[in-house]
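Take a look at the structure below.
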Amino acid sequence: EGVPSAVAVIFFFGLMSVVGMLEGMQIAFFAVAKITEAERNANPWARWTCDLLFGNGGRGLPGFMIGRQLCVVSCFFVIARVTTVDIEDGESNVLEVGDGAQKFFETGLLGALITTIVASIAWQLVAGAFPLTFLGNPITYGLLRICLFLEATGICSGAWALAALHKSIAGFQKDEVYIGTAEERAARGRGDKPVHGDELGHLTGGGYGAAALPFEDENRDAEFAARRQKVLGNIKTIKELMKESSTKAETEAFEHSLAMEVANLEKINEEQAKYGHLVDDTPEDETKPAVKEVDMV
């Protein structure tokens, strides 16, 4: 005896939506991982989600990937049972189709095709175009909590050991070692360029247009004191990461990043000295060069 048809339909669409959200979250999380913290903390839900993802030494994102896989597999077990067609002897075929089509239905491939399109690819395309929208969704935060709980049970803890082994054999390094952080790329004038400048997202692959986001124009309108504090915060973060670096390559990359932040701080001081009339209300001690503050961070 199976469940009533109405309940099966509710389970089908409900679990398809859950799987779709998890697929979209995966794409959105990797998209926002490479943008600045100020850009991705667009609202409280986005900020809380990022705290879970990128806090605790960065274990949140890989932890989500493990928990997400467990959650998706569990949902697919139920979806597969709902979409499986099994005709008893003597009963007519579904929709009176031929025997060949009926045998195809009974293989379960039809359900797999439907879930691949409706519960996976479609959601991934939308998440790739609108990652910040996914990030600020309270449902995203709730599903992230569930995935991290499943990972914390330790059912798939062996994945961590295999990943560490693969990293040591292949010699993988973090992307920041090669391309720097989002803040560093922006400071070098090599930040992400908007493809569709007037649109927040675009399904043709342009991602999200940076010009449509609420950026603060630091080169013209931002106050010098606020810019300086931001750079000093970056320097503090880099110094903390340097203490945790385990390889010479990472240490050299962080030293290079630190030098760039110091150069950026000197540039801010030069601009303030040139356009001092823009900050007449700034206290006198903040109008002086602040490079010496680096050693105090």
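Going through the structure tokens in order, the chains are called A, B, and so on, while each chain numbers its residues from 1 and the ligands are numbered from 1 in the order shown.
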Would you write out, as a tab-separated table, a table of all residues in range 106-193 of chain A that have an atom no more than 9 Å from an atom of range 17-28 of chain A, listing for each the closest atom pair and the distance in Å to one decimal, considering only C-alpha atoms and ordering rows by chain and rising residue number?
residue	atom	partner	partner_atom	distance
A:Thr115	CA	A:Val19	CA	8.8
A:Val118	CA	A:Gly20	CA	7.6
A:Ala119	CA	A:Gly20	CA	4.4
A:Ser120	CA	A:Gly20	CA	5.3
A:Ile121	CA	A:Glu23	CA	8.0
A:Ala122	CA	A:Gly20	CA	7.9
A:Trp123	CA	A:Gly24	CA	5.1
A:Gln124	CA	A:Gly24	CA	4.6
A:Leu125	CA	A:Gly24	CA	7.8
A:Val126	CA	A:Gly24	CA	7.3
A:Ala127	CA	A:Gly24	CA	4.9
A:Gly128	CA	A:Ile27	CA	6.0
A:Ala129	CA	A:Ala28	CA	8.7
A:Phe130	CA	A:Ala28	CA	7.6
A:Pro131	CA	A:Ala28	CA	4.3
A:Leu132	CA	A:Ala28	CA	7.2
A:Thr133	CA	A:Ala28	CA	8.7
A:Phe134	CA	A:Ala28	CA	6.5
A:Leu135	CA	A:Ala28	CA	6.9
A:Ile139	CA	A:Met21	CA	8.4
A:Thr140	CA	A:Met25	CA	7.0
A:Leu143	CA	A:Leu22	CA	7.6
A:Leu144	CA	A:Leu22	CA	8.6
Q) If you count only C-alpha atoms, which residues fall within 9 Å of range 157-174 of chain A, apart from same-chain ones fewer than 4 positions away, as a VMD selection string? A) chain A and resid 62 66 151 to 153 178 249 to 250
Kindly export the residues of the current selection with C-alpha atoms, as an mmCIF file, in the first residue's frame.
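So the final result, stored in selection_19.cif, reads:
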data_model
loop_
_atom_site.group_PDB
_atom_site.id
_atom_site.type_symbol
_atom_site.label_atom_id
_atom_site.label_comp_id
_atom_site.auth_asym_id
_atom_site.auth_seq_id
_atom_site.Cartn_x
_atom_site.Cartn_y
_atom_site.Cartn_z
ATOM 1 C CA PRO A 62 33.168 22.548 2.371
ATOM 2 C CA ILE A 66 29.155 17.455 2.379
ATOM 3 C CA GLU A 151 27.847 17.179 8.130
ATOM 4 C CA ALA A 152 28.416 17.532 11.869
ATOM 5 C CA THR A 153 26.975 14.049 12.442
ATOM 6 C CA TYR A 178 47.528 33.204 -7.346
ATOM 7 C CA ALA A 249 54.243 30.253 -1.046
ATOM 8 C CA GLU A 250 51.322 31.319 1.131
#
Q: From a DSSP pass on the backbone, collect the residues of range 33-204 of chain A flagged as alpha helix (DSSP H) and hand them back as a VMD selection string.
A: chain A and resid 37 to 40 44 to 54 60 to 83 99 to 106 109 to 116 122 to 129 131 to 135 138 to 152 158 to 170 175 to 179 182 to 187
Contacts of range 48-59 of chain A at 9 Å or less, counting only C-alpha atoms, minus same-chain residues fewer than 3 places along, as a PDB file with all heavy atoms, in the first residue's frame?
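The resulting part.pdb:
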ATOM      1  N   PHE A  29      26.936  30.175  -3.689  1.00  0.00           N
ATOM      2  CA  PHE A  29      27.983  30.277  -2.674  1.00  0.00           C
ATOM      3  C   PHE A  29      29.359  30.401  -3.308  1.00  0.00           C
ATOM      4  O   PHE A  29      30.197  31.189  -2.853  1.00  0.00           O
ATOM      5  CB  PHE A  29      27.944  29.062  -1.746  1.00  0.00           C
ATOM      6  CG  PHE A  29      26.742  29.043  -0.827  1.00  0.00           C
ATOM      7  CD1 PHE A  29      26.412  27.897  -0.117  1.00  0.00           C
ATOM      8  CD2 PHE A  29      25.942  30.162  -0.677  1.00  0.00           C
ATOM      9  CE1 PHE A  29      25.311  27.878   0.731  1.00  0.00           C
ATOM     10  CE2 PHE A  29      24.844  30.158   0.155  1.00  0.00           C
ATOM     11  CZ  PHE A  29      24.532  29.003   0.867  1.00  0.00           C
ATOM     12  N   ALA A  33      31.851  33.763  -3.132  1.00  0.00           N
ATOM     13  CA  ALA A  33      33.074  33.534  -2.367  1.00  0.00           C
ATOM     14  C   ALA A  33      34.220  34.412  -2.853  1.00  0.00           C
ATOM     15  O   ALA A  33      35.172  34.665  -2.099  1.00  0.00           O
ATOM     16  CB  ALA A  33      33.479  32.064  -2.448  1.00  0.00           C
ATOM     17  N   GLU A  37      33.644  41.342   0.977  1.00  0.00           N
ATOM     18  CA  GLU A  37      32.704  41.134   2.071  1.00  0.00           C
ATOM     19  C   GLU A  37      31.602  42.185   2.067  1.00  0.00           C
ATOM     20  O   GLU A  37      30.437  41.885   2.338  1.00  0.00           O
ATOM     21  CB  GLU A  37      33.462  41.163   3.403  1.00  0.00           C
ATOM     22  CG  GLU A  37      32.589  40.895   4.613  1.00  0.00           C
ATOM     23  CD  GLU A  37      33.382  40.869   5.903  1.00  0.00           C
ATOM     24  OE1 GLU A  37      34.635  40.950   5.833  1.00  0.00           O
ATOM     25  OE2 GLU A  37      32.764  40.777   6.980  1.00  0.00           O
ATOM     26  N   ARG A  40      28.856  41.248  -0.571  1.00  0.00           N
ATOM     27  CA  ARG A  40      27.967  40.108  -0.320  1.00  0.00           C
ATOM     28  C   ARG A  40      27.115  40.263   0.935  1.00  0.00           C
ATOM     29  O   ARG A  40      26.135  39.544   1.108  1.00  0.00           O
ATOM     30  CB  ARG A  40      28.767  38.811  -0.251  1.00  0.00           C
ATOM     31  CG  ARG A  40      29.805  38.730   0.840  1.00  0.00           C
ATOM     32  CD  ARG A  40      30.524  37.389   0.781  1.00  0.00           C
ATOM     33  NE  ARG A  40      31.544  37.261   1.790  1.00  0.00           N
ATOM     34  CZ  ARG A  40      32.827  37.034   1.558  1.00  0.00           C
ATOM     35  NH1 ARG A  40      33.234  36.924   0.300  1.00  0.00           N
ATOM     36  NH2 ARG A  40      33.698  36.914   2.536  1.00  0.00           N
ATOM     37  N   ASN A  41      27.464  41.175   1.831  1.00  0.00           N
ATOM     38  CA  ASN A  41      26.652  41.402   3.027  1.00  0.00           C
ATOM     39  C   ASN A  41      25.576  42.437   2.737  1.00  0.00           C
ATOM     40  O   ASN A  41      25.500  43.481   3.375  1.00  0.00           O
ATOM     41  CB  ASN A  41      27.540  41.862   4.198  1.00  0.00           C
ATOM     42  CG  ASN A  41      28.428  40.743   4.698  1.00  0.00           C
ATOM     43  OD1 ASN A  41      28.277  39.591   4.322  1.00  0.00           O
ATOM     44  ND2 ASN A  41      29.372  41.086   5.557  1.00  0.00           N
ATOM     45  N   ASN A  43      22.271  42.262   3.031  1.00  0.00           N
ATOM     46  CA  ASN A  43      21.192  42.346   4.008  1.00  0.00           C
ATOM     47  C   ASN A  43      21.505  41.416   5.172  1.00  0.00           C
ATOM     48  O   ASN A  43      22.460  40.637   5.102  1.00  0.00           O
ATOM     49  CB  ASN A  43      19.839  42.003   3.359  1.00  0.00           C
ATOM     50  CG  ASN A  43      19.804  40.586   2.809  1.00  0.00           C
ATOM     51  OD1 ASN A  43      20.067  39.616   3.509  1.00  0.00           O
ATOM     52  ND2 ASN A  43      19.477  40.461   1.527  1.00  0.00           N
ATOM     53  N   PRO A  44      20.746  41.484   6.264  1.00  0.00           N
ATOM     54  CA  PRO A  44      21.062  40.648   7.442  1.00  0.00           C
ATOM     55  C   PRO A  44      21.124  39.159   7.139  1.00  0.00           C
ATOM     56  O   PRO A  44      22.018  38.460   7.640  1.00  0.00           O
ATOM     57  CB  PRO A  44      19.927  40.977   8.416  1.00  0.00           C
ATOM     58  CG  PRO A  44      19.494  42.361   8.036  1.00  0.00           C
ATOM     59  CD  PRO A  44      19.641  42.435   6.549  1.00  0.00           C
ATOM     60  N   TRP A  45      20.190  38.638   6.325  1.00  0.00           N
ATOM     61  CA  TRP A  45      20.216  37.213   6.025  1.00  0.00           C
ATOM     62  C   TRP A  45      21.485  36.833   5.269  1.00  0.00           C
ATOM     63  O   TRP A  45      22.081  35.769   5.516  1.00  0.00           O
ATOM     64  CB  TRP A  45      18.979  36.824   5.217  1.00  0.00           C
ATOM     65  CG  TRP A  45      17.718  36.795   6.013  1.00  0.00           C
ATOM     66  CD1 TRP A  45      16.671  37.669   5.934  1.00  0.00           C
ATOM     67  CD2 TRP A  45      17.353  35.855   7.041  1.00  0.00           C
ATOM     68  NE1 TRP A  45      15.690  37.343   6.828  1.00  0.00           N
ATOM     69  CE2 TRP A  45      16.080  36.229   7.524  1.00  0.00           C
ATOM     70  CE3 TRP A  45      17.980  34.744   7.592  1.00  0.00           C
ATOM     71  CZ2 TRP A  45      15.423  35.518   8.519  1.00  0.00           C
ATOM     72  CZ3 TRP A  45      17.331  34.039   8.596  1.00  0.00           C
ATOM     73  CH2 TRP A  45      16.066  34.419   9.053  1.00  0.00           C
ATOM     74  N   PRO A  62      33.031  23.989   2.630  1.00  0.00           N
ATOM     75  CA  PRO A  62      33.168  22.548   2.371  1.00  0.00           C
ATOM     76  C   PRO A  62      32.236  21.710   3.242  1.00  0.00           C
ATOM     77  O   PRO A  62      31.767  20.651   2.808  1.00  0.00           O
ATOM     78  CB  PRO A  62      34.643  22.270   2.697  1.00  0.00           C
ATOM     79  CG  PRO A  62      35.083  23.396   3.546  1.00  0.00           C
ATOM     80  CD  PRO A  62      34.286  24.581   3.102  1.00  0.00           C
ATOM     81  N   GLY A  63      31.961  22.169   4.463  1.00  0.00           N
ATOM     82  CA  GLY A  63      31.007  21.455   5.299  1.00  0.00           C
ATOM     83  C   GLY A  63      29.621  21.447   4.677  1.00  0.00           C
ATOM     84  O   GLY A  63      28.906  20.435   4.733  1.00  0.00           O
ATOM     85  N   PHE A  64      29.236  22.583   4.071  1.00  0.00           N
ATOM     86  CA  PHE A  64      27.951  22.644   3.376  1.00  0.00           C
ATOM     87  C   PHE A  64      27.926  21.668   2.213  1.00  0.00           C
ATOM     88  O   PHE A  64      26.906  21.001   1.971  1.00  0.00           O
ATOM     89  CB  PHE A  64      27.697  24.060   2.866  1.00  0.00           C
ATOM     90  CG  PHE A  64      26.678  24.130   1.755  1.00  0.00           C
ATOM     91  CD1 PHE A  64      25.324  24.004   2.031  1.00  0.00           C
ATOM     92  CD2 PHE A  64      27.079  24.306   0.434  1.00  0.00           C
ATOM     93  CE1 PHE A  64      24.386  24.043   1.006  1.00  0.00           C
ATOM     94  CE2 PHE A  64      26.150  24.356  -0.584  1.00  0.00           C
ATOM     95  CZ  PHE A  64      24.805  24.220  -0.300  1.00  0.00           C
ATOM     96  N   LEU A 135      21.629  34.396  -1.807  1.00  0.00           N
ATOM     97  CA  LEU A 135      22.339  34.565  -0.546  1.00  0.00           C
ATOM     98  C   LEU A 135      21.469  35.248   0.501  1.00  0.00           C
ATOM     99  O   LEU A 135      21.574  34.950   1.701  1.00  0.00           O
ATOM    100  CB  LEU A 135      23.606  35.391  -0.779  1.00  0.00           C
ATOM    101  CG  LEU A 135      24.668  35.336   0.321  1.00  0.00           C
ATOM    102  CD1 LEU A 135      25.286  33.949   0.378  1.00  0.00           C
ATOM    103  CD2 LEU A 135      25.753  36.374   0.071  1.00  0.00           C
ATOM    104  N   GLY A 136      20.606  36.154   0.094  1.00  0.00           N
ATOM    105  CA  GLY A 136      19.786  36.901   1.038  1.00  0.00           C
ATOM    106  C   GLY A 136      18.436  36.281   1.318  1.00  0.00           C
ATOM    107  O   GLY A 136      17.589  36.921   1.948  1.00  0.00           O
ATOM    108  N   PRO A 138      15.982  33.866   3.332  1.00  0.00           N
ATOM    109  CA  PRO A 138      15.970  33.165   4.626  1.00  0.00           C
ATOM    110  C   PRO A 138      15.881  31.650   4.493  1.00  0.00           C
ATOM    111  O   PRO A 138      16.373  30.920   5.366  1.00  0.00           O
ATOM    112  CB  PRO A 138      14.737  33.741   5.336  1.00  0.00           C
ATOM    113  CG  PRO A 138      13.919  34.372   4.270  1.00  0.00           C
ATOM    114  CD  PRO A 138      14.868  34.820   3.218  1.00  0.00           C
ATOM    115  N   THR A 140      17.462  29.946   2.295  1.00  0.00           N
ATOM    116  CA  THR A 140      18.859  29.545   2.102  1.00  0.00           C
ATOM    117  C   THR A 140      19.552  29.360   3.442  1.00  0.00           C
ATOM    118  O   THR A 140      20.282  28.381   3.653  1.00  0.00           O
ATOM    119  CB  THR A 140      19.598  30.606   1.267  1.00  0.00           C
ATOM    120  OG1 THR A 140      19.010  30.683  -0.034  1.00  0.00           O
ATOM    121  CG2 THR A 140      21.074  30.270   1.128  1.00  0.00           C
ATOM    122  N   TYR A 141      19.335  30.293   4.351  1.00  0.00           N
ATOM    123  CA  TYR A 141      19.960  30.203   5.674  1.00  0.00           C
ATOM    124  C   TYR A 141      19.488  28.944   6.411  1.00  0.00           C
ATOM    125  O   TYR A 141      20.284  28.237   7.023  1.00  0.00           O
ATOM    126  CB  TYR A 141      19.629  31.449   6.485  1.00  0.00           C
ATOM    127  CG  TYR A 141      20.243  31.474   7.864  1.00  0.00           C
ATOM    128  CD1 TYR A 141      21.571  31.863   8.036  1.00  0.00           C
ATOM    129  CD2 TYR A 141      19.506  31.102   8.977  1.00  0.00           C
ATOM    130  CE1 TYR A 141      22.139  31.889   9.302  1.00  0.00           C
ATOM    131  CE2 TYR A 141      20.067  31.125  10.245  1.00  0.00           C
ATOM    132  CZ  TYR A 141      21.379  31.511  10.400  1.00  0.00           C
ATOM    133  OH  TYR A 141      21.939  31.525  11.651  1.00  0.00           O
ATOM    134  N   LEU A 144      21.011  25.849   4.861  1.00  0.00           N
ATOM    135  CA  LEU A 144      22.434  25.797   5.199  1.00  0.00           C
ATOM    136  C   LEU A 144      22.632  25.228   6.600  1.00  0.00           C
ATOM    137  O   LEU A 144      23.534  24.417   6.833  1.00  0.00           O
ATOM    138  CB  LEU A 144      23.034  27.198   5.098  1.00  0.00           C
ATOM    139  CG  LEU A 144      24.498  27.349   5.528  1.00  0.00           C
ATOM    140  CD1 LEU A 144      25.407  26.445   4.706  1.00  0.00           C
ATOM    141  CD2 LEU A 144      24.946  28.801   5.420  1.00  0.00           C
ATOM    142  N   ARG A 145      21.792  25.639   7.528  1.00  0.00           N
ATOM    143  CA  ARG A 145      21.864  25.113   8.889  1.00  0.00           C
ATOM    144  C   ARG A 145      21.644  23.596   8.896  1.00  0.00           C
ATOM    145  O   ARG A 145      22.352  22.848   9.582  1.00  0.00           O
ATOM    146  CB  ARG A 145      20.811  25.790   9.763  1.00  0.00           C
ATOM    147  CG  ARG A 145      21.183  27.173  10.253  1.00  0.00           C
ATOM    148  CD  ARG A 145      22.197  27.092  11.365  1.00  0.00           C
ATOM    149  NE  ARG A 145      22.410  28.386  12.001  1.00  0.00           N
ATOM    150  CZ  ARG A 145      23.299  28.583  12.963  1.00  0.00           C
ATOM    151  NH1 ARG A 145      24.055  27.581  13.387  1.00  0.00           N
ATOM    152  NH2 ARG A 145      23.456  29.779  13.498  1.00  0.00           N
ATOM    153  N   LEU A 148      24.754  21.808   7.432  1.00  0.00           N
ATOM    154  CA  LEU A 148      25.874  21.805   8.372  1.00  0.00           C
ATOM    155  C   LEU A 148      25.617  20.841   9.520  1.00  0.00           C
ATOM    156  O   LEU A 148      26.554  20.218  10.046  1.00  0.00           O
ATOM    157  CB  LEU A 148      26.112  23.221   8.901  1.00  0.00           C
ATOM    158  CG  LEU A 148      26.622  24.235   7.876  1.00  0.00           C
ATOM    159  CD1 LEU A 148      26.787  25.614   8.522  1.00  0.00           C
ATOM    160  CD2 LEU A 148      27.945  23.773   7.276  1.00  0.00           C
TER     161      LEU A 148
END
Q | Between CA of Leu70 in chain A and CA of Ser5 in chain A - distance in Å to one decimal | A |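 So the two atoms, CA of Ser5 in chain A and CA of Leu70 in chain A, lie 26.5 Å apart.
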Q | Which residue of A:Glu106, A:Glu261, A:Glu266, A:Asp175 approaches Leu232 in chain A most closely, using only C-alpha atoms | A | A:Glu261
**Q.** Pairwise distance for CA of Lys34 in chain A and CA of Cys156 in chain A, rounded to one decimal in Å
**A.**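 One can read the CA of Lys34 in chain A to CA of Cys156 in chain A distance as 26.8 Å.
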Q.
To one decimal place in Å, what is the distance between CA of Ile155 in chain A and CA of Ile79 in chain A?
A.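 Between CA of Ile155 in chain A and CA of Ile79 in chain A the gap is 22.0 Å.
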Q: May I ask which of the residues A:Ile146, A:Val97, A:Val177, A:Met242 is the closest one to Val72 in chain A, counting only C-alpha atoms?
A: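 That would be A:Ile146, the residue with the smallest distance to Val72 in chain A.
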Q | Surrounding residues of Ile238 in chain A excluding itself and chain neighbours under 3 positions, 8 Å, only C-alpha atoms, as a list in words | A | Asn234, Ile235, Leu241, Met242, Phe254, Ser257 and Leu258 of chain A
May I have the residues from that selection written out with C-alpha atoms, as a PDB file, in the first residue's frame?
ATOM      1  CA  ASN A 234      42.539  44.452   5.616  1.00  0.00           C
ATOM      2  CA  ILE A 235      46.076  44.716   6.960  1.00  0.00           C
ATOM      3  CA  LEU A 241      46.425  34.916   7.943  1.00  0.00           C
ATOM      4  CA  MET A 242      50.207  35.142   7.762  1.00  0.00           C
ATOM      5  CA  PHE A 254      50.422  37.387   2.088  1.00  0.00           C
ATOM      6  CA  SER A 257      49.278  41.536  -0.252  1.00  0.00           C
ATOM      7  CA  LEU A 258      50.455  43.393   2.839  1.00  0.00           C
TER       8      LEU A 258
END
Q. A:Ala46, A:Ala38, A:Val78, A:Thr84: which is nearest Ile10 in chain A, counting only C-alpha atoms?
A. A:Val78
**Q.** Given only C-alpha atoms as the counted atoms, nearest of A:Leu265, A:Ala80, A:Ile117, A:Leu150 to Phe105 in chain A
**A.** A:Ala80
